[in-house]
Amino acid sequence: MRYQAYREQCNADSLTVIETDVPRPGPGQVLVKMRAASLNYRDLFILQGLYPGVDSKDLIPLSDGAGEVVEVGAGVDRFATGDHVIGTFFETWISGRLQPAYFGKTLGGTTTGVLTEYRLFPQESLVAKPAHLSFEEAATLPCAALTAWNALFEGPAPLRAGERVLVLGTGGVSMFALQLAHAAGAEVIATSSSDAKLEKAKSLGATTLINYRSHPEWDQEVRNATGGAGVHHVVEVGGPGTLQRSIASLGQNGQAHLIGVLTGGEINPLPLLFTTSTVRGVFVGSREMFESMNAVISLHKIRPVIDRVFGFTEARAALAHQQSQAHVGKVVVSIN
């Protein structure tokens, strides 16, 4: 039997579909029929040759996907044929702290991605799909959702009920952070350049909405909304271009969780000193974190925000839609 997969030659425009034989699982391996994959900004950077340390030539792209187990190899005891599973971003980060060696096995970067009809996984790198989610919804979890979970609940001072969280924009990480924080009983402040997108954030539980085009000094708006106290957590997805205002939004002993560096600029670290706040880098998470997050997602029946689902033959259009930044939540490719 043969199957199809996308392979990248030098940039996003060179994505082509290849056909090859379906592999058989070896000892400890699981063959998964992929049913859906979701996109992240990382995928765009890799395809454009802008991601440090990654050569995208001949790479099957995308890190986030879900599917059905169709065959298992000798010694596999975590999953069986018919199980619905999700791949982990780091194939070898099972638990504990992130180690440099784990970067050698990142899906869609340093190892084969999931924009393919079939993929072999080590059994240790899979988690069970929450039963209430579709494959398309489950495919959004490995990077964006787990990053938001790690930021809010796995740091030195995890989020507590009643605390205040600031999320920037309405992309995948921000929407998951909003939903998880709301489920935990936190007060959520959301920013966006679009009032329509802010209304979506409101429907998910955000109680304070700030349009940063109307209010370019949005950190002052955060201060005003909190009576000058600031927030306990900022899920910072922009980088240096927004980080200074995120730091200014923090209250005493607050945490800015640095997720991405999508904008340039420099920061003045002095405000961190006076608020004894912390800027913490967050890079996805371990399988153990993933399983903890899925337990909460299942308990609260949280459903990911999906902006649009593209067909397998529309992968280039899906990437273009992701790059347009017009989406709210996640962009997904269905693989049926």
# chains A, B, ... in the order shown; residues from 1 in each chain; ligands from 1
>>> select_by_dssp(residues="region 172-240 of chain A", states="alpha helix (DSSP H)", output="VMD selection string")
chain A and resid 172 to 183 195 to 203 218 to 225 240
>>> select_by_dssp(residues="region 59-194 of chain A", states="strand (DSSP E or B)", output="PyMOL selection string")
chain A and resi 59+64-72+84-87+90+106-107+111+116+118-122+126-128+164-168+171+187-192
>>> write_last_selection(atoms="C-alpha atoms", output="compact mmCIF listing (two decimals), in the first residue's frame")
# COMPACT_ATOMS: atom_id res chain seq x y z
CA LEU A 59 11.35 17.82 5.21
CA ASP A 64 0.94 19.13 15.35
CA GLY A 65 -1.28 16.25 14.35
CA ALA A 66 -3.78 13.64 15.49
CA GLY A 67 -4.83 10.30 14.08
CA GLU A 68 -5.76 6.66 14.56
CA VAL A 69 -3.45 3.77 15.41
CA VAL A 70 -3.58 1.22 12.59
CA GLU A 71 -0.70 -1.09 13.55
CA VAL A 72 1.71 -1.55 16.46
CA HIS A 84 -7.06 7.80 18.81
CA VAL A 85 -3.78 9.57 19.55
CA ILE A 86 -1.91 12.88 19.33
CA GLY A 87 1.80 13.28 18.66
CA PHE A 90 9.30 16.82 21.35
CA THR A 106 11.18 18.06 17.13
CA LEU A 107 8.40 17.23 14.69
CA THR A 111 12.51 15.13 12.34
CA THR A 116 1.28 13.08 5.75
CA TYR A 118 0.75 7.89 7.68
CA ARG A 119 3.54 8.36 10.20
CA LEU A 120 5.54 6.09 12.49
CA PHE A 121 5.84 7.26 16.11
CA PRO A 122 7.75 5.85 19.07
CA LEU A 126 2.07 9.78 21.82
CA VAL A 127 -0.79 10.77 24.13
CA ALA A 128 -4.43 9.69 24.05
CA ARG A 164 -5.28 38.22 36.61
CA VAL A 165 -3.95 37.08 33.23
CA LEU A 166 -3.17 39.22 30.19
CA VAL A 167 -3.26 37.59 26.75
CA LEU A 168 -2.02 39.37 23.64
CA GLY A 171 -3.80 33.52 17.89
CA GLU A 187 -9.70 37.10 35.43
CA VAL A 188 -8.58 37.48 31.81
CA ILE A 189 -7.67 40.69 29.99
CA ALA A 190 -7.36 40.39 26.19
CA THR A 191 -5.86 42.70 23.58
CA SER A 192 -6.39 42.79 19.83
>>> closest_residue(among="A:Pro27, A:Gly108, A:Pro158, A:Gly251", to="Glu91 (chain A)", atoms="only C-alpha atoms")
A:Gly108
>>> atom_distance(atom1="CA of Val30 (chain A)", atom2="CA of Gly113 (chain A)")
15.0 Å
>>> closest_residue(among="A:Leu180, A:Ala161, A:Ile247, A:Val284", to="Phe89 (chain A)", atoms="only C-alpha atoms")
A:Val284
>>> residues_around(residues="Leu115 (chain A)", least_positions_apart="5", cutoff="8 Å", atoms="only C-alpha atoms", output="list in words")
Ala5, Tyr6, Ala37, Ile60, Pro61, Leu62 and Gly65 of chain A
>>> atom_distance(atom1="CA of Lys129 (chain A)", atom2="CA of Ile297 (chain A)")
10.5 Å
>>> residues_around(residues="Glu236 (chain A)", least_positions_apart="3", cutoff="8 Å", atoms="only C-alpha atoms", output="VMD selection string")
chain A and resid 167 to 168 239 242 to 243 246 256 to 260
>>> closest_residue(among="A:Gln29, A:Gln255, A:Gln244, A:Gln123", to="Thr275 (chain A)", atoms="only C-alpha atoms")
A:Gln255
>>> residues_around(residues="Gly109 (chain A)", least_positions_apart="4", cutoff="9 Å", atoms="only C-alpha atoms", output="VMD selection string")
chain A and resid 42 to 43 46 51 53 to 56 59 to 63 103 to 105 113
>>> residues_around(residues="region 323-326 of chain A", least_positions_apart="3", cutoff="9 Å", atoms="only C-alpha atoms", output="PDB file with C-alpha atoms, in the first residue's frame")
ATOM      1  CA  TYR A  41       4.019  30.327  13.011  1.00  0.00           C
ATOM      2  CA  LEU A  44       6.101  29.325   8.336  1.00  0.00           C
ATOM      3  CA  GLY A 171      -3.804  33.524  17.891  1.00  0.00           C
ATOM      4  CA  ALA A 318      -3.689  26.958   4.706  1.00  0.00           C
ATOM      5  CA  LEU A 319      -0.144  28.289   5.095  1.00  0.00           C
ATOM      6  CA  ALA A 320      -1.101  31.517   3.322  1.00  0.00           C
TER       7      ALA A 320
END
>>> closest_atom_pairs(of="region 195-289 of chain A", to="region 172-179 of chain A", cutoff="10 Å", atoms="only C-alpha atoms", output="CSV")
residue,atom,partner,partner_atom,distance
A:Lys200,CA,A:Met175,CA,9.5
A:Ala201,CA,A:Met175,CA,7.4
A:Lys202,CA,A:Leu178,CA,9.7
A:Leu204,CA,A:Gln179,CA,6.3
A:Gly205,CA,A:Gln179,CA,7.1
A:Ala206,CA,A:Leu178,CA,6.9
A:Val234,CA,A:Ala177,CA,9.8
A:Val235,CA,A:Ser174,CA,7.0
A:Glu236,CA,A:Ser174,CA,8.6
A:Val237,CA,A:Ser174,CA,7.7
A:Ile259,CA,A:Val173,CA,8.5
A:Gly260,CA,A:Val173,CA,10.0
